[in-house]
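Next up, model-v3.cif (mmCIF, N, CA and C atoms):
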```cif
data_input
#
loop_
_atom_site.label_atom_id
_atom_site.label_comp_id
_atom_site.auth_asym_id
_atom_site.auth_seq_id
_atom_site.Cartn_x
_atom_site.Cartn_y
_atom_site.Cartn_z
N MET J 161 0.83 -1.20 0.00
CA MET J 161 0.00 0.00 0.00
C MET J 161 0.87 1.26 0.00
N LYS J 162 1.94 1.24 0.81
CA LYS J 162 2.80 2.42 0.88
C LYS J 162 3.51 2.65 -0.45
N SER J 163 3.92 1.56 -1.11
CA SER J 163 4.62 1.73 -2.38
C SER J 163 3.67 2.27 -3.45
N LEU J 164 2.40 1.91 -3.39
CA LEU J 164 1.42 2.43 -4.33
C LEU J 164 1.22 3.93 -4.15
N VAL J 165 1.13 4.36 -2.92
CA VAL J 165 0.98 5.79 -2.62
C VAL J 165 2.23 6.55 -3.04
N LEU J 166 3.40 5.98 -2.76
CA LEU J 166 4.66 6.62 -3.13
C LEU J 166 4.79 6.73 -4.64
N SER J 167 4.46 5.68 -5.38
CA SER J 167 4.57 5.75 -6.83
C SER J 167 3.55 6.71 -7.42
N ALA J 168 2.38 6.81 -6.83
CA ALA J 168 1.39 7.77 -7.31
C ALA J 168 1.87 9.20 -7.07
N ALA J 169 2.48 9.44 -5.92
CA ALA J 169 3.01 10.77 -5.62
C ALA J 169 4.15 11.13 -6.56
N LEU J 170 5.01 10.17 -6.84
CA LEU J 170 6.14 10.43 -7.74
C LEU J 170 5.66 10.64 -9.18
N ALA J 171 4.57 9.99 -9.56
CA ALA J 171 4.04 10.15 -10.90
C ALA J 171 3.47 11.56 -11.11
N TRP J 172 2.90 12.15 -10.06
CA TRP J 172 2.32 13.48 -10.16
C TRP J 172 3.32 14.61 -9.93
N ALA J 173 4.51 14.30 -9.43
CA ALA J 173 5.49 15.33 -9.09
C ALA J 173 5.87 16.23 -10.27
N PRO J 174 6.12 15.70 -11.47
CA PRO J 174 6.47 16.61 -12.58
C PRO J 174 5.36 17.59 -12.94
N PHE J 175 4.12 17.13 -12.85
CA PHE J 175 3.01 18.02 -13.17
C PHE J 175 2.87 19.13 -12.14
N LEU J 176 3.07 18.79 -10.88
CA LEU J 176 2.96 19.80 -9.83
C LEU J 176 4.08 20.81 -9.93
N SER J 177 5.28 20.38 -10.26
CA SER J 177 6.38 21.33 -10.38
C SER J 177 6.15 22.25 -11.56
N GLY J 178 5.56 21.75 -12.63
CA GLY J 178 5.23 22.60 -13.77
C GLY J 178 4.21 23.66 -13.40
N CYS J 179 3.24 23.30 -12.61
CA CYS J 179 2.24 24.26 -12.16
C CYS J 179 2.88 25.33 -11.28
N THR J 180 3.83 24.91 -10.46
CA THR J 180 4.52 25.87 -9.60
C THR J 180 5.30 26.87 -10.43
N VAL J 181 5.97 26.39 -11.46
CA VAL J 181 6.72 27.29 -12.34
C VAL J 181 5.78 28.28 -13.02
N LEU J 182 4.64 27.79 -13.48
CA LEU J 182 3.67 28.69 -14.12
C LEU J 182 3.12 29.71 -13.14
N ALA J 183 2.87 29.30 -11.92
CA ALA J 183 2.36 30.23 -10.91
C ALA J 183 3.38 31.31 -10.59
N VAL J 184 4.64 30.93 -10.48
CA VAL J 184 5.69 31.92 -10.20
C VAL J 184 5.84 32.88 -11.38
N ALA J 185 5.80 32.35 -12.60
CA ALA J 185 5.91 33.20 -13.79
C ALA J 185 4.73 34.16 -13.89
N ASP J 186 3.54 33.69 -13.54
CA ASP J 186 2.35 34.53 -13.56
C ASP J 186 2.46 35.65 -12.55
N ALA J 187 2.93 35.32 -11.36
CA ALA J 187 3.09 36.34 -10.31
C ALA J 187 4.13 37.38 -10.72
N ALA J 188 5.22 36.93 -11.33
CA ALA J 188 6.25 37.87 -11.77
C ALA J 188 5.73 38.77 -12.88
N GLY J 189 4.99 38.20 -13.81
CA GLY J 189 4.41 39.00 -14.89
C GLY J 189 3.42 40.02 -14.37
N SER J 190 2.62 39.63 -13.41
CA SER J 190 1.65 40.56 -12.82
C SER J 190 2.37 41.70 -12.10
N ALA J 191 3.45 41.38 -11.41
CA ALA J 191 4.22 42.41 -10.72
C ALA J 191 4.80 43.42 -11.70
N VAL J 192 5.27 42.94 -12.84
CA VAL J 192 5.83 43.84 -13.85
C VAL J 192 4.73 44.74 -14.41
N VAL J 193 3.58 44.16 -14.72
CA VAL J 193 2.48 44.95 -15.28
C VAL J 193 2.03 46.03 -14.30
N TYR J 194 1.85 45.67 -13.03
CA TYR J 194 1.42 46.66 -12.05
C TYR J 194 2.51 47.70 -11.80
N GLY J 195 3.77 47.30 -11.89
CA GLY J 195 4.85 48.27 -11.75
C GLY J 195 4.85 49.30 -12.87
N VAL J 196 4.62 48.85 -14.09
CA VAL J 196 4.55 49.77 -15.23
C VAL J 196 3.33 50.68 -15.09
N LYS J 197 2.20 50.13 -14.68
CA LYS J 197 1.00 50.96 -14.50
C LYS J 197 1.24 52.02 -13.44
N THR J 198 1.90 51.64 -12.36
CA THR J 198 2.19 52.60 -11.29
C THR J 198 3.11 53.70 -11.80
N THR J 199 4.12 53.33 -12.58
CA THR J 199 5.04 54.32 -13.14
C THR J 199 4.30 55.29 -14.05
N VAL J 200 3.44 54.77 -14.90
CA VAL J 200 2.67 55.64 -15.80
C VAL J 200 1.76 56.57 -15.00
N ASN J 201 1.12 56.06 -13.98
CA ASN J 201 0.23 56.90 -13.16
C ASN J 201 1.00 57.99 -12.43
N VAL J 202 2.19 57.67 -11.94
CA VAL J 202 3.00 58.67 -11.25
C VAL J 202 3.45 59.75 -12.23
N LEU J 203 3.92 59.32 -13.41
CA LEU J 203 4.32 60.31 -14.42
C LEU J 203 3.14 61.17 -14.86
N ASP J 204 1.97 60.58 -14.95
CA ASP J 204 0.78 61.33 -15.33
C ASP J 204 0.42 62.34 -14.25
N ALA J 205 0.60 61.97 -13.00
CA ALA J 205 0.28 62.88 -11.89
C ALA J 205 1.29 64.02 -11.82
N VAL J 206 2.56 63.72 -12.11
CA VAL J 206 3.59 64.75 -12.01
C VAL J 206 3.55 65.69 -13.20
N THR J 207 3.35 65.13 -14.38
CA THR J 207 3.34 65.94 -15.60
C THR J 207 2.07 65.69 -16.40
N PRO J 208 0.93 66.13 -15.93
CA PRO J 208 -0.32 65.82 -16.64
C PRO J 208 -0.42 66.50 -18.00
N ASP J 209 0.22 67.65 -18.18
CA ASP J 209 0.12 68.35 -19.45
C ASP J 209 0.92 67.66 -20.56
N VAL J 210 1.92 66.88 -20.21
CA VAL J 210 2.70 66.17 -21.22
C VAL J 210 1.96 64.93 -21.70
N VAL J 211 1.40 64.17 -20.74
CA VAL J 211 0.72 62.93 -21.10
C VAL J 211 -0.66 63.22 -21.69
N ASN J 212 -1.40 64.13 -21.10
CA ASN J 212 -2.76 64.46 -21.57
C ASN J 212 -2.73 65.81 -22.28
N LYS J 213 -2.33 65.80 -23.52
CA LYS J 213 -2.28 67.06 -24.29
C LYS J 213 -3.69 67.52 -24.62
N LYS J 214 -3.94 68.81 -24.42
CA LYS J 214 -5.25 69.36 -24.76
C LYS J 214 -5.28 69.67 -26.24
N LYS J 215 -6.44 69.40 -26.85
CA LYS J 215 -6.59 69.65 -28.29
C LYS J 215 -7.16 71.03 -28.53
#
```

Kindly transcribe the structure held in the file into structure tokens.
Amino acid sequence: MKSLVLSAALAWAPFLSGCTVLAVADAAGSAVVYGVKTTVNVLDAVTPDVVNKKK
């Protein structure tokens, strides 16, 4: 019984590690996107006439 549980756990290990890599990549991508949005918002607040040109 223990060997069956162990082999089942080992069989699923590559799939779980792949999911972990995707989760970490997703979190890093989200951090970059929010960082860029924050930078744009700060620049817009500091220099609104440059970013929002009046027509």

*Separation of atom C of Lys197 in chain J and atom N of Thr180 in chain J, in Å?*
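If I compute the distance from atom C of Lys197 in chain J to atom N of Thr180 in chain J, I get 27.4 Å.
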
*Can you work out the spacing between atom C of Val192 in chain J and atom N of Asp204 in chain J in Å, to one decimal?*
16.1 Å

*State, in Å with one decimal place, the distance from atom N of Asn201 in chain J to atom C of Asp186 in chain J.*
20.5 Å
